[in-house]
Amino acid sequence: MKASQLLRQNLSIMKLLLWVTACLSVMSIQSNADDVVPPLNTKNVSQMIQGGTGLLKVPTARMSSEGDLSVNYFDTDEYRFWSVSLQLFPWLESTIRYTDIRTVLFSQFENFSGNQTLKDKGIDVKFRLLEESYYLPEMSVLIRDIGGTGLFGSEFIGASKRFGPLDFHIGLGFGILGDDDEISNPLCKISSSFCERPIGVSGEGGQVEYNKFFKGPTSLIGGIEYQTPWQPLGLKLEYEGHDYSNDRAGNLAQDSKWNIGAVYKWGNFDFTLSYLRGNTVSFGFSYQMNLHSIKQVKIDEPPLQLTAQSKNTEFHQVNKNQLAQDLYLKAGFVVRTSDFQEDELILYGNQIAYRDDKEAIDRIGRLLVDVLPNSIKTYRIVLLAENLPMVETVVDAEQFAAAARYENLLSDTSESWDRREVSENSLENFKPKKRSGFISGLEPFYIQSIGAPERFYMYQVGLLGIGGYKFNDNLKLLGNVKLTLFENFDEFNFTVDAQNTPLPRVRTYVREYATRSRLTLENLYLQSQERLAPNLYGQLYGGYLETMFGGVGGEILYRPLDSNFAFGLDLNYVKQRSFEDNYSFIDYEAFTGHANIYWQPGFLDNVLLTFNIGQYLAKDRGVTFDFAKRFDSGMIIGAYAAITNVSAEDYGEGSFTKGFYMKIPFDLFSIRPSIGGGRLDWVPIGRDGGQTLNRPVKLIDITANRSNFR
């Protein structure tokens, strides 16, 4: 069959698919208005081969449930795809992907990358334009490989409409998704600039190529999903618009533009088997979890159940040592000091177990009601960070006791307390005991590198020894020693890269620092912190501040309680540490510092936007924008980008600093209640521009309890 005949036949099939969709739409409109089409069960959506909700190779307008995180692996003969897709908001899906092109080597130089095949990283974003209703379809727009190498750059705009077990999808593919160029780009009628797609990348890559969006070759693409009566099994049929004769993996045979596949759901797993291009079998799997609902089963005592017994004792008769022990063991509250005044008790301490304020105060209140006399009408619980008063919770003892004993039909102990700024009275009576002495601890560390030339995944695992001396609660000498136990960093074929850049090497000696010794001094510094005024905090520090830099600095932070805004300033003078030993410096010094703005916008739930404006380690100037989204489980997903006065050419590969991170509460892994957490970072390309000092302590972290974003 001639190519023209095959094209006409495939387009005819697509027209038939469109006609069927239109007929079903008319039928649904003519049906009884009370017979509403049931809402789409988002659990029926599944991941594409490249990652993100869709069919097999073709995207759809569908979205997952907010907070859904999917980890995916797919194998399609010439390609392997690793991806992570997150439904950040109901209207926004983001995907990070690594593509292994098996037919292409990472480099032509064996000494540089051996026989490793080419790995390409990409980032996709999909926005929902219109949510599906009874009459209207779901509509979304996808931008693929945004800000990457552009190797798989493409866009999609499409619609999805569900009729019972059938879900119909149709749209326009641009770039790689539509390079078969079956139809004229409809946007050419708006402007001739849409008729041709620019080639190449801007600068050194890594920039958002706005000038390519929705331009050039275009194809009509789409398909159908069928949910079989057997609930675990779904079937997919799609028509794609990619020209495989110009594929990135080479000139690949394509016997059909129709792909078929099946998805089998088993618990949180999806297993996909598909037949592509009329000649290729593909398989893969996805693991899904929801960041709002994920949790760990706990082995913990239930909150104390109160009896109706009334306490007529006097305060001096209370066993205060036993009460302090119970507060520690059963409520995770370490009492530092206390003050009793007529009819109220003030407790000052640190919470070490319960992340949820409601659960923490409920447990503390029950223990206090159980042993304290009825003459005490108010409990004031002052939460400390280190030794700084952060927030005061004022509990109405009588109201709390009534709720805890279920004396009211609708009992909720949280209605009996208020979260407030620490009162002047509580501050005046805060007289902690002077504490000094040595500090020690041990914890594991894990460092990873993804996408290195020598090997795709590299790691370093070991122990971090934490030690120091506390002169008092506000002045400490602290340090960390790193002991590497397992690693494959010794497989590095080169250390610093060979790129010609005018910027000082403030970060690109990272391989030298990582491999200098199995035992390294990571930091050693003196730090002092104070509450300077209401809502105002300050700190000073000096020493070996991080792996690569030492120096002196200071920070102030204005953070009103539970405010959507906080403001700070940090100033630092630093010198670059040598990577040949733990103690000496090399001949590079800099002043660095930033004005820091923290904003929780009211129009975005559980989102923190941070702006750091100032001078960086390489003496370039600009702003770092950080976006962080908190989920109900306590997990935080974030992304950042630094835009400075360094040009893309001077910056080098990647064009500007950017990265992604995930903050994971320890509570999600521990079977006992716990606070604190860890952080995982992914930096596509690490260069020298836009690099900040990794200060060992930040006031925004110390004062975290003054905000609900933590």
# chains A, B, ... in the order shown; residues from 1 in each chain; ligands from 1

$ residues_around --residues "Glu132 (chain A)" --least-positions-apart "3" --cutoff "10 Å" --atoms "only C-alpha atoms" --output "ChimeraX atom specification"
/A:39-40,61-62,128-129,135-139,159-162

$ residues_around --residues "Lys265 (chain A)" --least-positions-apart "2" --cutoff "9 Å" --atoms "only C-alpha atoms" --output "PyMOL selection string"
chain A and resi 231-234+263+267-272

$ write_last_selection --atoms "C-alpha atoms" --output "compact mmCIF listing (two decimals), in the first residue's frame"
# COMPACT_ATOMS: atom_id res chain seq x y z
CA GLN A 231 -12.25 -4.36 37.63
CA PRO A 232 -8.44 -4.88 37.66
CA LEU A 233 -8.20 -4.91 33.85
CA GLY A 234 -8.33 -1.95 31.47
CA VAL A 263 -3.28 -2.41 32.22
CA GLY A 267 -3.00 -3.04 44.91
CA ASN A 268 -0.91 0.08 44.39
CA PHE A 269 0.76 -1.39 41.30
CA ASP A 270 -0.16 -1.08 37.63
CA PHE A 271 1.32 -3.58 35.19
CA THR A 272 1.17 -2.59 31.50

$ closest_residue --among "A:Phe660, A:Phe486, A:Phe565, A:Tyr509" --to "Arg687 (chain A)" --atoms "only C-alpha atoms"
A:Tyr509

$ residues_around --residues "Arg277 (chain A)" --least-positions-apart "2" --cutoff "7 Å" --atoms "only C-alpha atoms" --output "PDB file with C-alpha atoms, in the first residue's frame"
ATOM      1  CA  GLN A 254       6.682   1.480  11.940  1.00  0.00           C
ATOM      2  CA  ASP A 255       4.143  -0.959  10.556  1.00  0.00           C
ATOM      3  CA  SER A 256       1.155   0.747  12.132  1.00  0.00           C
ATOM      4  CA  LYS A 257       0.241   4.020  13.808  1.00  0.00           C
ATOM      5  CA  TRP A 258      -2.158   2.161  16.079  1.00  0.00           C
ATOM      6  CA  ASN A 259      -0.955   0.910  19.474  1.00  0.00           C
ATOM      7  CA  ASN A 279       6.050  -4.718  15.625  1.00  0.00           C
ATOM      8  CA  THR A 280       7.256  -3.970  19.192  1.00  0.00           C
TER       9      THR A 280
END

$ select_by_dssp --residues "region 162-375 of chain A" --states "strand (DSSP E)" --output "VMD selection string"
chain A and resid 162 to 163 166 to 175 218 to 227 233 to 239 258 to 266 269 to 276 280 to 290 333 to 341 344 to 351

$ residues_around --residues "Pro673 (chain A)" --least-positions-apart "5" --cutoff "10 Å" --atoms "only C-alpha atoms" --output "list in words"
Gln296, Val297, Lys298, Ile299, Asp300, Ala331, Gly332, Ile352, Ala353, Tyr354, Arg355, Phe666, Asp667 and Leu668 of chain A

$ atom_distance --atom1 "CA of Lys433 (chain A)" --atom2 "CA of Glu386 (chain A)"
13.2 Å

$ closest_atom_pairs --of "region 477-586 of chain A" --to "region 695-708 of chain A" --cutoff "12 Å" --atoms "only C-alpha atoms" --output "tab-separated table"
residue	atom	partner	partner_atom	distance
A:Leu477	CA	A:Pro696	CA	11.9
A:Leu478	CA	A:Pro696	CA	9.6
A:Gly479	CA	A:Pro696	CA	9.6
A:Asn480	CA	A:Pro696	CA	10.2
A:Glu522	CA	A:Pro696	CA	10.2
A:Asn523	CA	A:Pro696	CA	8.1
A:Leu524	CA	A:Pro696	CA	9.5
A:Tyr525	CA	A:Pro696	CA	8.6
A:Leu526	CA	A:Pro696	CA	10.5
A:Gln527	CA	A:Val697	CA	8.6
A:Ser528	CA	A:Val697	CA	10.4
A:Gln529	CA	A:Leu699	CA	8.9
A:Glu530	CA	A:Leu699	CA	10.3
A:Arg531	CA	A:Thr703	CA	10.5
A:Asn535	CA	A:Arg706	CA	9.5
A:Leu536	CA	A:Leu699	CA	10.2
A:Tyr537	CA	A:Leu699	CA	7.4
A:Gly538	CA	A:Leu699	CA	7.5
A:Gln539	CA	A:Leu699	CA	7.7
A:Leu540	CA	A:Val697	CA	9.9
A:Tyr541	CA	A:Val697	CA	8.8
A:Gly542	CA	A:Arg695	CA	10.1
A:Gly543	CA	A:Pro696	CA	10.4
A:Tyr544	CA	A:Pro696	CA	9.5
A:Leu545	CA	A:Pro696	CA	6.1
A:Glu546	CA	A:Pro696	CA	6.8
A:Thr547	CA	A:Pro696	CA	10.3
A:Met548	CA	A:Arg695	CA	11.2
A:Phe549	CA	A:Arg695	CA	9.6
A:Gly550	CA	A:Arg695	CA	9.7
A:Gly551	CA	A:Arg695	CA	10.3
A:Val552	CA	A:Arg695	CA	10.1
A:Gly553	CA	A:Arg695	CA	9.0
A:Gly554	CA	A:Arg695	CA	9.9
A:Glu555	CA	A:Leu699	CA	7.5
A:Ile556	CA	A:Leu699	CA	7.6
A:Leu557	CA	A:Leu699	CA	6.6
A:Tyr558	CA	A:Ile700	CA	9.5
A:Arg559	CA	A:Arg706	CA	7.6
A:Pro560	CA	A:Arg706	CA	7.5
A:Leu561	CA	A:Arg706	CA	5.1
A:Asp562	CA	A:Ser707	CA	4.8
A:Ser563	CA	A:Ser707	CA	7.2
A:Asn564	CA	A:Ser707	CA	8.4
A:Phe565	CA	A:Ser707	CA	9.8
A:Ala566	CA	A:Ile700	CA	8.7
A:Phe567	CA	A:Ile700	CA	9.4
A:Gly568	CA	A:Ile700	CA	8.6
A:Leu569	CA	A:Leu699	CA	10.1
A:Asp570	CA	A:Lys698	CA	9.4
A:Leu571	CA	A:Arg695	CA	10.7
A:Asn572	CA	A:Arg695	CA	9.4
A:Tyr573	CA	A:Arg695	CA	11.7
A:Val574	CA	A:Arg695	CA	10.9

$ closest_residue --among "A:Arg630, A:Arg366, A:Arg419, A:Lys295" --to "Thr307 (chain A)" --atoms "only C-alpha atoms"
A:Arg366

$ closest_residue --among "A:Leu463, A:Leu273, A:Leu327, A:Asp412" --to "Asp370 (chain A)" --atoms "only C-alpha atoms"
A:Leu327

$ select_by_dssp --residues "region 278-494 of chain A" --states "helix (DSSP H, G or I)" --output "PyMOL selection string"
chain A and resi 315-317+320-331+357-371+397-404+413-416+424-428+489-491

$ closest_residue --among "A:Gly451, A:Met289, A:Ile96, A:Ser584" --to "Tyr661 (chain A)" --atoms "only C-alpha atoms"
A:Ile96

$ closest_residue --among "A:Leu604, A:Val369, A:Val683, A:Leu220" --to "Asp179 (chain A)" --atoms "only C-alpha atoms"
A:Leu220

$ closest_residue --among "A:Trp266, A:Tyr616, A:Tyr640, A:Tyr459" --to "Leu503 (chain A)" --atoms "only C-alpha atoms"
A:Tyr616

$ decode --residues "region 81-94 of chain A" --atoms "N, CA and C atoms" --output "short mmCIF file (atom, residue, chain, number, x, y, z; two decimals), in the first residue's frame"
data_model
loop_
_atom_site.label_atom_id
_atom_site.label_comp_id
_atom_site.auth_asym_id
_atom_site.auth_seq_id
_atom_site.Cartn_x
_atom_site.Cartn_y
_atom_site.Cartn_z
N PHE A 81 12.43 3.90 30.17
CA PHE A 81 11.96 5.15 30.77
C PHE A 81 11.80 4.97 32.27
N TRP A 82 12.48 5.82 33.05
CA TRP A 82 12.24 5.92 34.49
C TRP A 82 11.58 7.28 34.73
N SER A 83 10.50 7.33 35.43
CA SER A 83 9.83 8.61 35.64
C SER A 83 9.11 8.62 36.98
N VAL A 84 8.89 9.83 37.46
CA VAL A 84 8.09 10.08 38.65
C VAL A 84 7.09 11.16 38.29
N SER A 85 5.82 10.88 38.51
CA SER A 85 4.76 11.83 38.18
C SER A 85 3.99 12.19 39.44
N LEU A 86 3.72 13.48 39.62
CA LEU A 86 3.05 13.97 40.83
C LEU A 86 1.89 14.87 40.44
N GLN A 87 0.73 14.62 41.02
CA GLN A 87 -0.41 15.51 40.86
C GLN A 87 -0.31 16.56 41.96
N LEU A 88 0.33 17.68 41.64
CA LEU A 88 0.63 18.70 42.62
C LEU A 88 -0.62 19.42 43.09
N PHE A 89 -1.48 19.77 42.17
CA PHE A 89 -2.79 20.37 42.44
C PHE A 89 -3.81 19.61 41.59
N PRO A 90 -5.11 19.79 41.85
CA PRO A 90 -6.10 19.12 40.99
C PRO A 90 -5.95 19.50 39.52
N TRP A 91 -5.36 20.66 39.26
CA TRP A 91 -5.24 21.17 37.89
C TRP A 91 -3.82 21.13 37.34
N LEU A 92 -2.87 20.59 38.10
CA LEU A 92 -1.47 20.60 37.65
C LEU A 92 -0.79 19.27 37.93
N GLU A 93 -0.28 18.66 36.86
CA GLU A 93 0.51 17.43 36.96
C GLU A 93 1.93 17.73 36.50
N SER A 94 2.91 17.18 37.22
CA SER A 94 4.31 17.36 36.83
C SER A 94 4.99 16.00 36.77
#
